[in-house]
file query_21.txt (compact mmCIF, C-alpha atoms and all ligand atoms)
# COMPACT_ATOMS: atom_id res chain seq x y z
CA MET A 21 -39.31 -42.17 -19.61
CA ALA A 22 -36.68 -40.88 -17.25
CA ILE A 23 -36.87 -41.78 -13.59
CA LYS A 24 -38.51 -39.04 -11.60
CA GLY A 25 -37.07 -37.63 -8.47
CA THR A 26 -37.18 -34.52 -6.38
CA ILE A 27 -35.34 -32.93 -3.51
CA ILE A 28 -36.14 -30.83 -0.49
CA ILE A 29 -33.58 -28.24 0.54
CA ASP A 30 -33.54 -27.15 4.16
CA THR A 31 -32.95 -23.51 3.31
CA GLU A 32 -31.98 -22.63 6.88
CA LEU A 33 -29.03 -25.06 6.63
CA CYS A 34 -27.99 -23.99 3.12
CA LYS A 35 -25.02 -21.64 2.86
CA GLY A 36 -25.28 -21.01 -0.87
CA CYS A 37 -21.92 -22.61 -1.67
CA GLU A 38 -23.27 -23.88 -5.03
CA LEU A 39 -21.41 -27.19 -4.82
CA CYS A 40 -24.75 -28.94 -5.44
CA VAL A 41 -25.30 -26.78 -8.51
CA LEU A 42 -21.93 -27.96 -9.84
CA ALA A 43 -22.70 -31.61 -9.06
CA CYS A 44 -26.19 -31.82 -10.60
CA PRO A 45 -26.00 -33.69 -13.94
CA GLN A 46 -29.44 -32.33 -14.88
CA LYS A 47 -28.40 -28.70 -14.31
CA GLY A 48 -31.60 -28.35 -12.33
CA LEU A 49 -30.35 -26.27 -9.40
CA VAL A 50 -29.70 -22.56 -9.18
CA LEU A 51 -28.69 -19.99 -6.59
CA SER A 52 -31.90 -18.07 -5.92
CA ASP A 53 -32.46 -14.52 -4.70
CA LYS A 54 -33.97 -15.78 -1.45
CA ILE A 55 -31.97 -15.05 1.68
CA ASN A 56 -32.16 -17.19 4.83
CA LEU A 57 -32.01 -16.07 8.45
CA LYS A 58 -28.21 -16.35 8.52
CA GLY A 59 -28.01 -14.07 5.49
CA TYR A 60 -27.00 -16.64 2.90
CA ARG A 61 -28.55 -16.74 -0.57
CA VAL A 62 -29.97 -20.24 -0.90
CA VAL A 63 -30.18 -22.75 -3.71
CA GLU A 64 -33.41 -23.99 -5.26
CA LEU A 65 -34.53 -26.64 -7.72
CA TYR A 66 -35.90 -24.70 -10.67
CA MET A 67 -36.21 -27.42 -13.31
CA ASP A 68 -38.61 -30.34 -13.39
CA ASN A 69 -36.02 -32.85 -14.56
CA CYS A 70 -34.60 -34.18 -11.28
CA THR A 71 -33.88 -37.91 -11.43
CA GLY A 72 -33.16 -38.37 -7.72
CA CYS A 73 -29.53 -39.33 -8.45
CA VAL A 74 -28.46 -37.98 -4.99
CA ASN A 75 -25.32 -36.29 -6.35
CA CYS A 76 -26.29 -32.92 -4.91
CA ALA A 77 -26.95 -34.39 -1.47
CA LEU A 78 -23.63 -36.29 -1.43
CA VAL A 79 -21.53 -33.18 -1.94
CA CYS A 80 -23.60 -30.81 0.22
CA PRO A 81 -21.31 -29.88 3.13
CA ASP A 82 -24.21 -28.75 5.28
CA SER A 83 -26.47 -31.79 4.91
CA ALA A 84 -29.23 -29.54 3.60
CA ILE A 85 -30.67 -31.86 0.94
CA THR A 86 -33.07 -34.80 1.19
CA VAL A 87 -33.69 -36.76 -2.00
CA TYR A 88 -36.76 -38.66 -3.14
CA ARG A 89 -37.02 -40.98 -6.12
CA GLU A 90 -39.94 -42.89 -7.58
CA LYS A 91 -39.92 -46.61 -7.02
CA LYS A 92 -39.60 -48.83 -10.10
CA ALA A 93 -43.26 -49.88 -9.89
CA GLN A 94 -44.38 -46.25 -9.94
CA ALA A 95 -42.57 -45.54 -13.21
CA VAL A 96 -44.87 -44.94 -16.17
CA MET B 25 -42.25 -30.34 -8.37
CA GLU B 26 -43.03 -34.00 -7.95
CA GLN B 27 -44.97 -33.65 -4.69
CA PHE B 28 -46.27 -37.23 -4.81
CA LEU B 29 -42.71 -38.47 -4.30
CA ILE B 30 -42.29 -36.70 -0.99
CA ASN B 31 -43.03 -39.58 1.34
CA PRO B 32 -40.81 -41.85 3.45
CA ASP B 33 -41.11 -44.75 1.00
CA CYS B 34 -39.47 -42.77 -1.78
CA MET B 35 -36.76 -41.19 0.35
CA VAL B 36 -33.38 -42.26 -1.07
CA TYR B 37 -31.17 -39.82 0.81
CA ASP B 38 -31.88 -38.70 4.36
CA ASN B 39 -30.10 -35.49 5.32
CA HIS B 40 -30.57 -36.25 9.03
CA PRO B 41 -28.77 -39.54 9.81
CA VAL B 42 -29.19 -40.52 13.48
CA THR B 43 -25.41 -40.43 13.78
CA LEU B 44 -25.29 -36.64 13.27
CA THR B 45 -26.69 -34.47 16.03
CA GLY B 46 -28.36 -32.12 13.55
CA GLU B 47 -26.61 -29.10 14.97
CA PRO B 48 -25.76 -26.75 12.06
CA TYR B 49 -22.04 -26.71 11.25
CA HIS B 50 -20.00 -23.61 12.03
CA TYR B 51 -17.86 -24.24 8.93
CA CYS B 52 -17.48 -21.74 6.10
CA PRO B 53 -19.72 -22.26 3.03
CA GLY B 54 -18.45 -25.17 0.93
CA CYS B 55 -15.98 -26.50 3.52
CA GLY B 56 -15.04 -30.17 3.05
CA HIS B 57 -15.12 -30.88 6.80
CA GLY B 58 -18.93 -30.99 6.61
CA VAL B 59 -18.91 -33.62 3.87
CA ILE B 60 -16.31 -35.74 5.66
CA HIS B 61 -18.20 -35.65 8.99
CA LYS B 62 -21.35 -36.68 7.18
CA VAL B 63 -19.82 -39.54 5.19
CA LEU B 64 -18.06 -40.94 8.27
CA MET B 65 -21.24 -40.81 10.32
CA GLU B 66 -23.38 -42.31 7.53
CA VAL B 67 -21.03 -45.29 7.50
CA VAL B 68 -21.37 -45.64 11.29
CA ARG B 69 -25.14 -45.60 10.83
CA ASP B 70 -25.06 -48.12 7.98
CA LEU B 71 -22.85 -50.53 9.94
CA GLY B 72 -25.13 -50.22 12.98
CA ILE B 73 -22.22 -49.44 15.32
CA GLN B 74 -23.27 -46.04 16.70
CA GLU B 75 -23.16 -47.29 20.31
CA GLU B 76 -19.73 -48.89 19.85
CA VAL B 77 -17.82 -46.03 18.20
CA ILE B 78 -15.58 -43.61 20.08
CA GLY B 79 -14.06 -40.68 18.20
CA VAL B 80 -11.26 -38.29 19.07
CA ALA B 81 -11.54 -34.68 17.88
CA PRO B 82 -8.54 -32.49 16.99
CA VAL B 83 -7.58 -28.87 17.33
CA GLY B 84 -8.25 -27.04 14.09
CA CYS B 85 -11.47 -25.99 12.37
CA SER B 86 -13.00 -29.36 13.27
CA VAL B 87 -12.31 -28.85 16.98
CA PHE B 88 -16.08 -29.01 17.61
CA ALA B 89 -16.54 -32.31 15.74
CA TYR B 90 -18.03 -33.67 18.97
CA HIS B 91 -20.95 -31.24 18.66
CA TYR B 92 -21.88 -32.74 15.32
CA MET B 93 -21.01 -36.44 15.45
CA ASN B 94 -23.59 -38.25 17.50
CA VAL B 95 -21.22 -40.85 18.96
CA ASP B 96 -19.04 -40.86 22.08
CA MET B 97 -16.23 -38.35 21.54
CA GLN B 98 -13.16 -37.11 23.35
CA GLU B 99 -11.27 -33.91 22.58
CA ALA B 100 -7.45 -34.12 22.39
CA ALA B 101 -4.75 -31.49 22.74
CA HIS B 102 -3.35 -30.14 19.47
CA GLY B 103 -1.68 -32.97 17.52
CA ARG B 104 -2.29 -35.65 20.13
CA ALA B 105 -5.48 -37.25 18.84
CA SER B 106 -3.83 -40.53 17.85
CA ALA B 107 -2.17 -40.85 21.27
CA VAL B 108 -5.52 -40.32 22.98
CA ALA B 109 -7.16 -42.77 20.57
CA THR B 110 -4.43 -45.30 21.40
CA ALA B 111 -5.27 -45.06 25.09
CA ILE B 112 -9.00 -45.40 24.48
CA LYS B 113 -8.57 -48.42 22.22
CA ARG B 114 -6.25 -50.15 24.68
CA VAL B 115 -8.65 -49.65 27.57
CA ARG B 116 -11.73 -50.51 25.50
CA PRO B 117 -10.58 -52.93 22.77
CA GLN B 118 -14.19 -53.93 22.14
CA ASN B 119 -15.00 -50.44 20.80
CA TYR B 120 -14.36 -49.01 17.35
CA VAL B 121 -12.04 -46.02 17.77
CA PHE B 122 -11.20 -43.29 15.28
CA SER B 123 -9.23 -40.05 15.34
CA TYR B 124 -10.02 -37.07 13.08
CA GLN B 125 -7.29 -34.52 12.37
CA GLY B 126 -6.25 -31.77 9.97
CA ASP B 127 -2.87 -31.44 8.29
CA GLY B 128 -1.48 -28.93 10.77
CA ASP B 129 -2.66 -31.10 13.63
CA LEU B 130 -1.56 -34.49 12.27
CA ALA B 131 1.47 -33.65 10.13
CA ALA B 132 3.05 -30.68 11.95
CA ILE B 133 2.57 -30.46 15.71
CA GLY B 134 1.46 -34.09 15.98
CA THR B 135 4.02 -35.71 13.67
CA ALA B 136 5.64 -37.73 16.47
CA GLU B 137 2.33 -39.09 17.79
CA THR B 138 1.17 -39.85 14.25
CA ILE B 139 4.27 -41.82 13.25
CA HIS B 140 4.52 -43.77 16.48
CA THR B 141 0.83 -44.64 16.58
CA VAL B 142 1.06 -46.17 13.11
CA ASN B 143 4.42 -47.75 13.91
CA ARG B 144 2.87 -49.49 16.90
CA GLY B 145 0.07 -50.63 14.62
CA GLU B 146 -2.66 -49.42 16.95
CA ASN B 147 -6.02 -50.86 15.90
CA ILE B 148 -7.71 -47.57 15.17
CA LEU B 149 -8.91 -45.61 12.16
CA MET B 150 -7.02 -42.36 11.62
CA VAL B 151 -8.85 -39.83 9.43
CA PHE B 152 -6.51 -37.20 8.01
CA VAL B 153 -8.13 -34.13 6.44
CA ASN B 154 -5.63 -32.54 4.09
CA ASN B 155 -6.66 -29.06 3.00
CA ALA B 156 -3.03 -27.93 2.61
CA ILE B 157 -3.40 -25.09 5.08
CA TYR B 158 -4.03 -24.14 8.70
CA GLY B 159 -7.68 -23.20 8.23
CA MET B 160 -8.60 -22.32 11.80
CA THR B 161 -5.84 -19.89 12.58
CA GLY B 162 -6.10 -17.83 9.41
CA GLY B 163 -4.53 -19.66 6.50
CA GLN B 164 -0.90 -20.23 7.50
CA MET B 165 1.34 -22.60 5.53
CA ALA B 166 0.94 -26.26 6.44
CA PRO B 167 3.43 -29.09 5.88
CA THR B 168 1.18 -30.14 2.99
CA SER B 169 0.93 -26.69 1.36
CA LEU B 170 1.90 -26.93 -2.30
CA LEU B 171 5.02 -25.43 -3.83
CA GLY B 172 4.27 -21.90 -4.92
CA MET B 173 1.13 -21.78 -2.80
CA LYS B 174 0.50 -18.38 -1.24
CA THR B 175 -0.52 -18.48 2.40
CA SER B 176 -0.39 -15.87 5.15
CA THR B 177 3.05 -17.17 6.18
CA SER B 178 4.31 -17.77 2.62
CA PRO B 179 2.98 -14.61 0.95
CA TYR B 180 5.29 -15.02 -2.06
CA GLY B 181 4.48 -18.70 -2.40
CA ARG B 182 6.01 -21.76 -0.76
CA ASP B 183 9.61 -22.19 -1.83
CA ALA B 184 11.31 -25.57 -1.38
CA ALA B 185 14.75 -24.16 -0.57
CA SER B 186 13.63 -22.24 2.50
CA MET B 187 10.36 -23.99 3.47
CA GLY B 188 10.82 -27.58 2.36
CA ASN B 189 8.65 -29.60 0.02
CA PRO B 190 5.04 -30.55 0.70
CA ILE B 191 5.11 -33.72 2.76
CA LYS B 192 3.27 -36.83 1.64
CA ILE B 193 2.90 -38.20 5.12
CA THR B 194 0.40 -40.82 4.02
CA GLU B 195 2.93 -42.48 1.71
CA LEU B 196 5.55 -42.30 4.49
CA LEU B 197 3.23 -43.95 7.00
CA ALA B 198 2.30 -46.71 4.57
CA GLN B 199 5.92 -47.92 4.74
CA LEU B 200 5.55 -48.78 8.42
CA PRO B 201 4.76 -52.43 9.22
CA GLY B 202 2.03 -51.28 11.63
CA ALA B 203 -0.02 -49.78 8.78
CA TYR B 204 -2.72 -52.22 7.65
CA TYR B 205 -4.86 -50.20 5.25
CA VAL B 206 -3.78 -46.86 3.80
CA ALA B 207 -5.65 -44.89 1.14
CA ARG B 208 -6.17 -41.38 -0.12
CA HIS B 209 -9.61 -40.14 -1.07
CA ALA B 210 -11.36 -36.82 -1.69
CA VAL B 211 -14.74 -35.12 -1.47
CA HIS B 212 -14.72 -32.87 -4.53
CA THR B 213 -17.19 -34.88 -6.65
CA PRO B 214 -20.14 -37.18 -5.94
CA ASN B 215 -18.12 -40.21 -7.07
CA ALA B 216 -15.20 -39.28 -4.85
CA VAL B 217 -17.65 -39.13 -1.93
CA ARG B 218 -18.99 -42.59 -2.81
CA LYS B 219 -15.45 -44.02 -2.82
CA LEU B 220 -14.61 -42.38 0.49
CA SER B 221 -17.69 -43.94 2.01
CA LYS B 222 -16.55 -47.39 0.87
CA ALA B 223 -13.07 -46.76 2.31
CA PHE B 224 -14.45 -45.78 5.74
CA LYS B 225 -16.58 -48.92 5.69
CA ASN B 226 -13.53 -51.07 4.90
CA ALA B 227 -11.57 -49.40 7.68
CA PHE B 228 -14.19 -50.12 10.36
CA GLU B 229 -14.47 -53.70 9.15
CA TYR B 230 -10.69 -54.18 9.23
CA GLN B 231 -10.61 -52.80 12.78
CA LYS B 232 -12.40 -55.96 13.89
CA LEU B 233 -9.43 -58.02 12.65
CA ASN B 234 -6.94 -56.34 15.03
CA ARG B 235 -4.29 -56.29 12.33
CA GLY B 236 -3.02 -52.71 12.56
CA THR B 237 -3.75 -49.08 11.82
CA CYS B 238 -6.13 -47.96 9.10
CA PHE B 239 -5.17 -44.54 7.79
CA ILE B 240 -7.34 -42.60 5.37
CA GLU B 241 -6.29 -39.24 3.99
CA VAL B 242 -9.05 -37.09 2.58
CA VAL B 243 -8.02 -34.35 0.19
CA SER B 244 -10.30 -31.48 1.14
CA ASN B 245 -10.72 -27.78 0.47
CA CYS B 246 -10.51 -24.58 2.47
CA PRO B 247 -12.18 -21.92 0.33
CA SER B 248 -11.58 -19.25 2.99
CA GLY B 249 -7.89 -20.02 3.49
CA TRP B 250 -7.36 -20.49 -0.23
CA LYS B 251 -9.15 -17.17 -0.82
CA MET B 252 -11.52 -18.42 -3.47
CA SER B 253 -15.15 -19.42 -3.87
CA PRO B 254 -16.22 -22.97 -3.00
CA VAL B 255 -16.80 -23.70 -6.70
CA GLN B 256 -13.33 -22.42 -7.60
CA SER B 257 -11.85 -24.56 -4.82
CA ILE B 258 -13.18 -27.72 -6.48
CA ASP B 259 -11.35 -26.84 -9.69
CA TRP B 260 -8.25 -25.99 -7.66
CA ILE B 261 -8.31 -29.43 -6.00
CA GLU B 262 -8.39 -31.10 -9.40
CA LYS B 263 -5.69 -28.96 -11.01
CA ASN B 264 -3.30 -28.50 -8.08
CA MET B 265 -3.96 -30.86 -5.17
CA LEU B 266 -4.53 -34.14 -7.02
CA PRO B 267 -1.32 -34.12 -9.09
CA MET B 268 0.62 -33.87 -5.81
CA PHE B 269 -1.74 -36.05 -3.76
CA PRO B 270 -3.04 -38.74 -6.15
CA LEU B 271 -6.14 -40.64 -5.08
CA GLY B 272 -6.45 -44.35 -4.50
CA ASP B 273 -5.30 -47.23 -2.34
CA ILE B 274 -1.71 -47.11 -1.11
CA LYS B 275 -1.57 -50.23 1.07
CA VAL B 276 -4.28 -52.88 1.22
CA PRO B 277 -4.74 -56.34 2.71
CA ASP B 278 -3.98 -59.06 0.19
CA PRO B 279 -7.27 -60.86 -0.53
CA LYS B 280 -5.61 -64.29 -0.25
CA THR B 281 -3.31 -63.92 2.76
CA GLY B 282 -4.88 -60.96 4.55
CA ASN B 283 -1.40 -59.46 4.93
CA PRO B 284 -1.04 -55.79 4.01
CA VAL B 285 0.76 -55.13 0.72
CA MET B 286 1.81 -51.93 -0.99
CA VAL B 287 -0.14 -51.09 -4.12
CA LYS B 288 2.14 -50.63 -7.15
CA ASN B 289 3.35 -47.12 -7.98
CA ASN B 290 3.60 -46.17 -4.30
C1 LIG C 1 -0.34 -26.11 21.29
C2 LIG C 1 -1.01 -25.28 20.26
N1 LIG C 1 -0.28 -24.69 19.29
C3 LIG C 1 -0.88 -23.94 18.33
C4 LIG C 1 -2.23 -23.77 18.35
C5 LIG C 1 -2.87 -22.92 17.28
N2 LIG C 1 -3.59 -23.72 16.27
C6 LIG C 1 -4.89 -23.97 16.37
S1 LIG C 1 -5.49 -24.85 15.07
C7 LIG C 1 -3.95 -24.86 14.34
C8 LIG C 1 -3.71 -25.52 13.01
C9 LIG C 1 -4.94 -26.12 12.39
O1 LIG C 1 -4.67 -26.58 11.11
P1 LIG C 1 -5.18 -27.97 10.63
O2 LIG C 1 -4.82 -29.03 11.58
O3 LIG C 1 -4.69 -28.16 9.23
O4 LIG C 1 -6.77 -27.87 10.67
P2 LIG C 1 -7.79 -27.08 9.73
O5 LIG C 1 -8.22 -25.89 10.53
O6 LIG C 1 -7.08 -26.70 8.47
O7 LIG C 1 -8.89 -28.05 9.49
C10 LIG C 1 -3.01 -24.20 15.12
C11 LIG C 1 -1.61 -24.03 14.76
C12 LIG C 1 -2.98 -24.39 19.38
N3 LIG C 1 -4.32 -24.29 19.44
N4 LIG C 1 -2.34 -25.12 20.31
S1 LIG C 2 -30.92 -35.52 -7.10
FE1 LIG C 2 -29.56 -35.45 -8.90
S2 LIG C 2 -30.84 -34.65 -10.55
FE2 LIG C 2 -31.93 -34.20 -8.62
S3 LIG C 2 -31.27 -32.11 -8.11
FE3 LIG C 2 -29.89 -33.53 -7.04
S4 LIG C 2 -28.16 -33.77 -8.43
FE4 LIG C 2 -29.83 -32.87 -9.63
S1 LIG C 3 -24.42 -27.75 -1.48
FE1 LIG C 3 -25.82 -27.55 0.26
S2 LIG C 3 -25.16 -25.70 1.36
FE2 LIG C 3 -24.21 -25.65 -0.68
S3 LIG C 3 -25.64 -24.47 -1.93
FE3 LIG C 3 -26.21 -26.61 -2.20
S4 LIG C 3 -27.78 -26.99 -0.64
FE4 LIG C 3 -26.76 -25.07 -0.10
S1 LIG C 4 -11.32 -21.86 7.44
FE1 LIG C 4 -11.18 -23.43 5.85
S2 LIG C 4 -11.14 -25.43 6.90
FE2 LIG C 4 -11.88 -23.84 8.35
S3 LIG C 4 -14.14 -23.92 8.20
FE3 LIG C 4 -13.41 -22.31 6.82
S4 LIG C 4 -13.18 -23.35 4.84
FE4 LIG C 4 -13.28 -24.96 6.41
MG MG C 5 -5.65 -27.91 7.46

call {"tool": "encode", "arguments": {"input": "query_21.txt", "output": "structure tokens"}}
result
Amino acid sequence: MAIKGTIIIDTELCKGCELCVLACPQKGLVLSDKINLKGYRVVELYMDNCTGCVNCALVCPDSAITVYREKKAQAV
Amino acid sequence: MEQFLINPDCMVYDNHPVTLTGEPYHYCPGCGHGVIHKVLMEVVRDLGIQEEVIGVAPVGCSVFAYHYMNVDMQEAAHGRASAVATAIKRVRPQNYVFSYQGDGDLAAIGTAETIHTVNRGENILMVFVNNAIYGMTGGQMAPTSLLGMKTSTSPYGRDAASMGNPIKITELLAQLPGAYYVARHAVHTPNAVRKLSKAFKNAFEYQKLNRGTCFIEVVSNCPSGWKMSPVQSIDWIEKNMLPMFPLGDIKVPDPKTGNPVMVKNN
């Protein structure tokens, strides 16, 4: 079974640039209709297939993404 | 979502390294400056040298770098960051010193300071952010702007006969004996970011050796100045910037002798 991961996006830091969307190998991110206080449309994780690869966080210019990944022992 | 994973034990990427102040960037959406600040400061965190690093900020879009990087910082006049960094390093040789400059700052108004700093082999890290344009002032042509590139001061495209060719200042600097480690990296893909991180780490480690200047160019984007979306700017880097500014090491210390040697094809 694939490694499980997830991310948290600080939507007040996100500027909707979509560079994370481009970088996600799982195609799990999408620009949502939600708008933050600065007026930017923000990105969200809409699929359940995140592997915690950290690609999205590496390319995020606004340091908006924290990534979590299951530890080996937790894998089923 | 996988709520059970959201705990400190499973965190594999922290978006708040202690070496960034956490103040939101003023940069345009998708701007490479944010990625470069972050990677540089993550390396400072990972090496455990936050208290020993002193940075010099430029004039350009990253003029407020000192608001974001949580290390001691000094602002320099336009183009003079490497001269200021020279002074700091000479007075405080025990510190790690870096300068951070754009292409207009480093390769136009600051060309003299840049060349002579490297020629003297000052023991600093120079970070050169090449987005091929003057971002801050409204997208004027930079020395690194590509042939045919439309900017506010080359509205019909840069033409070599009247405006000169884009300058590869990094390759020029590598020729100088004072240059110890010279490389060109980018931030357009996750793997490029990983390689840049490794290069910054090398550069800080080499600074301990007192062997000369480490110079790292980072090919970056300026979606606003380039008049395109951030996603389009990534494609534009690949198709237009990288053929002119190829990535990789240009001059590296020889593993046996420790003396800097040019990498073939440069
Ligand atoms: C002495 C002086 N001359 C000109 C300027 C105007 N100026 C400010 S930033 C800049 C160029 C910035 O371009 P670059 O270094 O490429 O940085 P970027 O904004 O693209 O990151 C210029 C010409 C100035 N501030 N001071
Ligand atoms: S961590 Fe990897 S798989 Fe998960 S959202 Fe980010 S890029 Fe996609
Ligand atoms: S890369 Fe960062 S700022 Fe850009 S859309 Fe994704 S989360 Fe938002
Ligand atoms: S003008 Fe260009 S370099 Fe300046 S913040 Fe905007 S995108 Fe970045
Ligand atoms: Mg520039």

call {"tool": "closest_atom_pairs", "arguments": {"input": "query_21.txt", "of": "chain B", "to": "ligand LIG 3 (chain C)", "cutoff": "10 Å", "atoms": "all atoms listed in the file", "output": "CSV"}}
result
residue,atom,partner,partner_atom,distance
B:Cys52,CA,C:LIG3,S2,9.9
B:Pro53,CA,C:LIG3,S2,6.6
B:Gly54,CA,C:LIG3,FE2,6.0
B:Cys55,CA,C:LIG3,FE2,9.3
B:Gly58,CA,C:LIG3,S2,9.7
B:Val59,CA,C:LIG3,S1,9.7
B:Pro254,CA,C:LIG3,FE2,8.7
B:Val255,CA,C:LIG3,FE2,9.7

call {"tool": "interface_residues", "arguments": {"input": "query_21.txt", "of": "chain B", "to": "chain A", "cutoff": "10 Å", "atoms": "only C-alpha atoms", "output": "MDAnalysis selection string"}}
result
chainID B and resid 25:41 44 46:63 211:218 247 253:258

call {"tool": "write_last_selection", "arguments": {"input": "query_21.txt", "atoms": "C-alpha atoms", "output": "PDB file, in the frame of the given file"}}
result
ATOM      1  CA  MET B  25     -42.250 -30.340  -8.370  1.00  0.00           C
ATOM      2  CA  GLU B  26     -43.030 -34.000  -7.950  1.00  0.00           C
ATOM      3  CA  GLN B  27     -44.970 -33.650  -4.690  1.00  0.00           C
ATOM      4  CA  PHE B  28     -46.270 -37.230  -4.810  1.00  0.00           C
ATOM      5  CA  LEU B  29     -42.710 -38.470  -4.300  1.00  0.00           C
ATOM      6  CA  ILE B  30     -42.290 -36.700  -0.990  1.00  0.00           C
ATOM      7  CA  ASN B  31     -43.030 -39.580   1.340  1.00  0.00           C
ATOM      8  CA  PRO B  32     -40.810 -41.850   3.450  1.00  0.00           C
ATOM      9  CA  ASP B  33     -41.110 -44.750   1.000  1.00  0.00           C
ATOM     10  CA  CYS B  34     -39.470 -42.770  -1.780  1.00  0.00           C
ATOM     11  CA  MET B  35     -36.760 -41.190   0.350  1.00  0.00           C
ATOM     12  CA  VAL B  36     -33.380 -42.260  -1.070  1.00  0.00           C
ATOM     13  CA  TYR B  37     -31.170 -39.820   0.810  1.00  0.00           C
ATOM     14  CA  ASP B  38     -31.880 -38.700   4.360  1.00  0.00           C
ATOM     15  CA  ASN B  39     -30.100 -35.490   5.320  1.00  0.00           C
ATOM     16  CA  HIS B  40     -30.570 -36.250   9.030  1.00  0.00           C
ATOM     17  CA  PRO B  41     -28.770 -39.540   9.810  1.00  0.00           C
ATOM     18  CA  LEU B  44     -25.290 -36.640  13.270  1.00  0.00           C
ATOM     19  CA  GLY B  46     -28.360 -32.120  13.550  1.00  0.00           C
ATOM     20  CA  GLU B  47     -26.610 -29.100  14.970  1.00  0.00           C
ATOM     21  CA  PRO B  48     -25.760 -26.750  12.060  1.00  0.00           C
ATOM     22  CA  TYR B  49     -22.040 -26.710  11.250  1.00  0.00           C
ATOM     23  CA  HIS B  50     -20.000 -23.610  12.030  1.00  0.00           C
ATOM     24  CA  TYR B  51     -17.860 -24.240   8.930  1.00  0.00           C
ATOM     25  CA  CYS B  52     -17.480 -21.740   6.100  1.00  0.00           C
ATOM     26  CA  PRO B  53     -19.720 -22.260   3.030  1.00  0.00           C
ATOM     27  CA  GLY B  54     -18.450 -25.170   0.930  1.00  0.00           C
ATOM     28  CA  CYS B  55     -15.980 -26.500   3.520  1.00  0.00           C
ATOM     29  CA  GLY B  56     -15.040 -30.170   3.050  1.00  0.00           C
ATOM     30  CA  HIS B  57     -15.120 -30.880   6.800  1.00  0.00           C
ATOM     31  CA  GLY B  58     -18.930 -30.990   6.610  1.00  0.00           C
ATOM     32  CA  VAL B  59     -18.910 -33.620   3.870  1.00  0.00           C
ATOM     33  CA  ILE B  60     -16.310 -35.740   5.660  1.00  0.00           C
ATOM     34  CA  HIS B  61     -18.200 -35.650   8.990  1.00  0.00           C
ATOM     35  CA  LYS B  62     -21.350 -36.680   7.180  1.00  0.00           C
ATOM     36  CA  VAL B  63     -19.820 -39.540   5.190  1.00  0.00           C
ATOM     37  CA  VAL B 211     -14.740 -35.120  -1.470  1.00  0.00           C
ATOM     38  CA  HIS B 212     -14.720 -32.870  -4.530  1.00  0.00           C
ATOM     39  CA  THR B 213     -17.190 -34.880  -6.650  1.00  0.00           C
ATOM     40  CA  PRO B 214     -20.140 -37.180  -5.940  1.00  0.00           C
ATOM     41  CA  ASN B 215     -18.120 -40.210  -7.070  1.00  0.00           C
ATOM     42  CA  ALA B 216     -15.200 -39.280  -4.850  1.00  0.00           C
ATOM     43  CA  VAL B 217     -17.650 -39.130  -1.930  1.00  0.00           C
ATOM     44  CA  ARG B 218     -18.990 -42.590  -2.810  1.00  0.00           C
ATOM     45  CA  PRO B 247     -12.180 -21.920   0.330  1.00  0.00           C
ATOM     46  CA  SER B 253     -15.150 -19.420  -3.870  1.00  0.00           C
ATOM     47  CA  PRO B 254     -16.220 -22.970  -3.000  1.00  0.00           C
ATOM     48  CA  VAL B 255     -16.800 -23.700  -6.700  1.00  0.00           C
ATOM     49  CA  GLN B 256     -13.330 -22.420  -7.600  1.00  0.00           C
ATOM     50  CA  SER B 257     -11.850 -24.560  -4.820  1.00  0.00           C
ATOM     51  CA  ILE B 258     -13.180 -27.720  -6.480  1.00  0.00           C
TER      52      ILE B 258
END

call {"tool": "residues_near_ligand", "arguments": {"input": "query_21.txt", "ligand": "ligand LIG 1 (chain C)", "cutoff": "10 Å", "atoms": "only C-alpha atoms and all ligand atoms", "output": "VMD selection string"}}
result
chain B and resid 51 55 to 57 82 to 87 101 to 104 124 to 134 152 to 169 244 to 246 249

call {"tool": "atom_distance", "arguments": {"input": "query_21.txt", "atom1": "CA of Lys232 (chain B)", "atom2": "CA of Pro117 (chain B)"}}
result
9.6 Å

call {"tool": "closest_residue", "arguments": {"input": "query_21.txt", "among": "A:Gly48, A:Lys92, A:Glu64, A:Thr31", "to": "ligand LIG 2 (chain C)", "atoms": "all atoms listed in the file"}}
result
A:Gly48

call {"tool": "atom_distance", "arguments": {"input": "query_21.txt", "atom1": "CA of Asn283 (chain B)", "atom2": "CA of Lys225 (chain B)"}}
result
18.5 Å

call {"tool": "closest_residue", "arguments": {"input": "query_21.txt", "among": "B:Ala109, B:Pro284, B:Met252, B:Glu241", "to": "Lys192 (chain B)", "atoms": "only C-alpha atoms"}}
result
B:Glu241

call {"tool": "closest_residue", "arguments": {"input": "query_21.txt", "among": "B:Trp250, B:Tyr120, B:Tyr92, B:Phe228", "to": "ligand MG 5 (chain C)", "atoms": "only C-alpha atoms and all ligand atoms"}}
result
B:Trp250

call {"tool": "axis_aligned_box", "arguments": {"input": "query_21.txt", "around": "ligand LIG 2 (chain C)", "padding_each_side": "4 Å", "output": "JSON"}}
result
{"center_x": -30.0, "center_y": -33.8, "center_z": -8.8, "size_x": 11.8, "size_y": 11.4, "size_z": 11.5}

call {"tool": "atom_distance", "arguments": {"input": "query_21.txt", "atom1": "CA of Thr141 (chain B)", "atom2": "CA of Ser106 (chain B)"}}
result
6.3 Å

call {"tool": "closest_residue", "arguments": {"input": "query_21.txt", "among": "B:Phe88, B:Ser123, B:Ala136, B:Gly145", "to": "ligand LIG 4 (chain C)", "atoms": "only C-alpha atoms and all ligand atoms"}}
result
B:Phe88

call {"tool": "closest_residue", "arguments": {"input": "query_21.txt", "among": "B:Thr175, B:Asn147, B:Asn189, B:Asn226", "to": "ligand MG 5 (chain C)", "atoms": "only C-alpha atoms and all ligand atoms"}}
result
B:Thr175

call {"tool": "residues_around", "arguments": {"input": "query_21.txt", "residues": "Ile274 (chain B)", "least_positions_apart": "4", "cutoff": "9 Å", "atoms": "all atoms listed in the file", "output": "number ranges by chain"}}
result
B: 194-195, 198, 205-208, 285-290
